[in-house]
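All remarks here apply to the structure that follows.
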Amino acid sequence: MASVDKPIGIALIICDRVITDAVTHEKTLVSTFNQLLANRFPCVHPRLTLFVAVTNGRGTAEAEIRCVNESDQNSPVFGMKGAIPFPDPNHVVEMSFQFNNVTFPKPGLHGIEFLCDGELILQTRFQVGMMEQT
Amino acid sequence: MPTITRETPYFHRLDDSPPADLAKGEGSKLHSTYFEFRLTLPAIVAVAATELSDSELLVAAEKAGTFEFLNSPEEDRYNDSLKKNE
């Protein structure tokens with residue numbers, strides 16, 4: 001059973017971008033993916049967005065999102081840190097992290113981790129691979 | 001197994017309030033906040049900045065076969081019209 005004080009992860013989705021409806025403020029995740037291919041390395045991906053939703057938080061939590069290359073001794077690729085406020089435990093906090101010009105030095109299995117106060121809340125993986133030459 | 005509904009969808013609205021008002025949280029019901037973060041990372045990969053000259057581009061295009069079609073008889077209309085005028 002999860003700790004009472006620990007936030008509960010709802011979603012961690014990798015996509016191209018998140019569109020917010022101007023009237024209803026509903027979110028639309030565009031072009032979700034779990035694999036990236038490149039002709040050569042290092043490669044630059046123009047845009048990558050991570051959509052995160054968590055709940056059951058209390059007070060303010062120090063959040064961190066990071067991407068590591070699990071095939072290369074968990075070397076960090078990119079990341080971001082910040083404080084997120086939880087008005088009450090039932091509150092759902094949704095976040096989108098848009099990273100532009102992400103450089104992937106090497107191919108391999110990459111992990112995306114979302115942490116609150118140093119504790120792992122959500123995790124997903126995606127593959128960065130070499131495009132097959134025809 | 002696919003689910004097939006034979007009912008006609010019916011959308012019921014409690015009032016005529018605009019959607020933005022209906023989307024707001026009420027009382028102790030579940031509600032959410034949304035944060036958007038954007039970060040533009042510096043491009044570490046060096047991009048080739050060498051620009052080809054016009055003659056180099058022409059040679060590259062010819063070698064790639066881009067202009068091959070110009071040598072075909074049906075594409076030589078300009079010279080044909082010149083010959084007719086002579």
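Residue numbers start at 1 in each chain; chains themselves are named A, B, ... in the order of the structure tokens; ligands are numbered from 1 in the order shown.
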message: Residues near segment 85-102 of chain A, anyone? I mean within 7 Å using only C-alpha atoms, not counting same-chain ones fewer than 4 positions away, as an MDAnalysis selection string.
response: (chainID A and resid 44:61) or (chainID B and resid 30:43)
Atoms kept (C-alpha atoms) for selection, written as a PDB file, in the first residue's frame:
```pdb
ATOM      1  CA  VAL A  44      18.860  16.739 -31.897  1.00  0.00           C
ATOM      2  CA  HIS A  45      15.110  16.283 -31.507  1.00  0.00           C
ATOM      3  CA  PRO A  46      13.335  19.618 -32.062  1.00  0.00           C
ATOM      4  CA  ARG A  47      10.548  19.191 -29.503  1.00  0.00           C
ATOM      5  CA  LEU A  48       9.572  16.678 -26.842  1.00  0.00           C
ATOM      6  CA  THR A  49       6.839  17.205 -24.253  1.00  0.00           C
ATOM      7  CA  LEU A  50       6.248  15.214 -21.077  1.00  0.00           C
ATOM      8  CA  PHE A  51       2.728  15.320 -19.619  1.00  0.00           C
ATOM      9  CA  VAL A  52       2.579  14.493 -15.919  1.00  0.00           C
ATOM     10  CA  ALA A  53      -0.415  14.242 -13.570  1.00  0.00           C
ATOM     11  CA  VAL A  54      -0.128  13.533  -9.827  1.00  0.00           C
ATOM     12  CA  THR A  55      -2.427  13.724  -6.820  1.00  0.00           C
ATOM     13  CA  ASN A  56      -2.448  12.981  -3.066  1.00  0.00           C
ATOM     14  CA  GLY A  57       0.186  15.621  -2.403  1.00  0.00           C
ATOM     15  CA  ARG A  58       0.379  17.748   0.716  1.00  0.00           C
ATOM     16  CA  GLY A  59       1.797  21.236   0.860  1.00  0.00           C
ATOM     17  CA  THR A  60       4.573  22.005  -1.548  1.00  0.00           C
ATOM     18  CA  ALA A  61       6.667  19.259  -3.099  1.00  0.00           C
TER      19      ALA A  61
ATOM     20  CA  LEU B  30     -12.059  16.941  -7.432  1.00  0.00           C
ATOM     21  CA  HIS B  31     -10.316  19.767  -9.179  1.00  0.00           C
ATOM     22  CA  SER B  32      -6.943  20.316 -10.764  1.00  0.00           C
ATOM     23  CA  THR B  33      -4.346  22.866 -11.588  1.00  0.00           C
ATOM     24  CA  TYR B  34      -2.135  22.893 -14.635  1.00  0.00           C
ATOM     25  CA  PHE B  35       1.430  24.065 -14.933  1.00  0.00           C
ATOM     26  CA  GLU B  36       3.259  24.479 -18.201  1.00  0.00           C
ATOM     27  CA  PHE B  37       7.050  24.524 -18.356  1.00  0.00           C
ATOM     28  CA  ARG B  38       9.094  25.202 -21.452  1.00  0.00           C
ATOM     29  CA  LEU B  39      12.820  24.867 -21.845  1.00  0.00           C
ATOM     30  CA  THR B  40      14.828  25.455 -25.004  1.00  0.00           C
ATOM     31  CA  LEU B  41      18.113  23.648 -24.743  1.00  0.00           C
ATOM     32  CA  PRO B  42      21.239  24.856 -26.519  1.00  0.00           C
ATOM     33  CA  ALA B  43      21.998  22.830 -29.614  1.00  0.00           C
TER      34      ALA B  43
END
```
query: In terms of the shortest atom-to-atom distance over only C-alpha atoms, which of A:Val30, A:Leu36, A:Lys81, A:Glu62 is closest to chain B?
result: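 Checking each of A:Val30, A:Leu36, A:Lys81, A:Glu62 against chain B, counting only C-alpha atoms, the winner is A:Lys81.
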task: Would you mind telling me which residue in A:Leu115, A:Val77, A:Asp72, A:Leu37 lies nearest to Gln127 of chain A when using only C-alpha atoms?
output: A:Leu37
message: Just the number, please: distance in Å from atom CA of Pro105 of chain A to atom CA of Arg40 of chain A, one decimal.
response: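 Distance between the two atoms: 9.6 Å.
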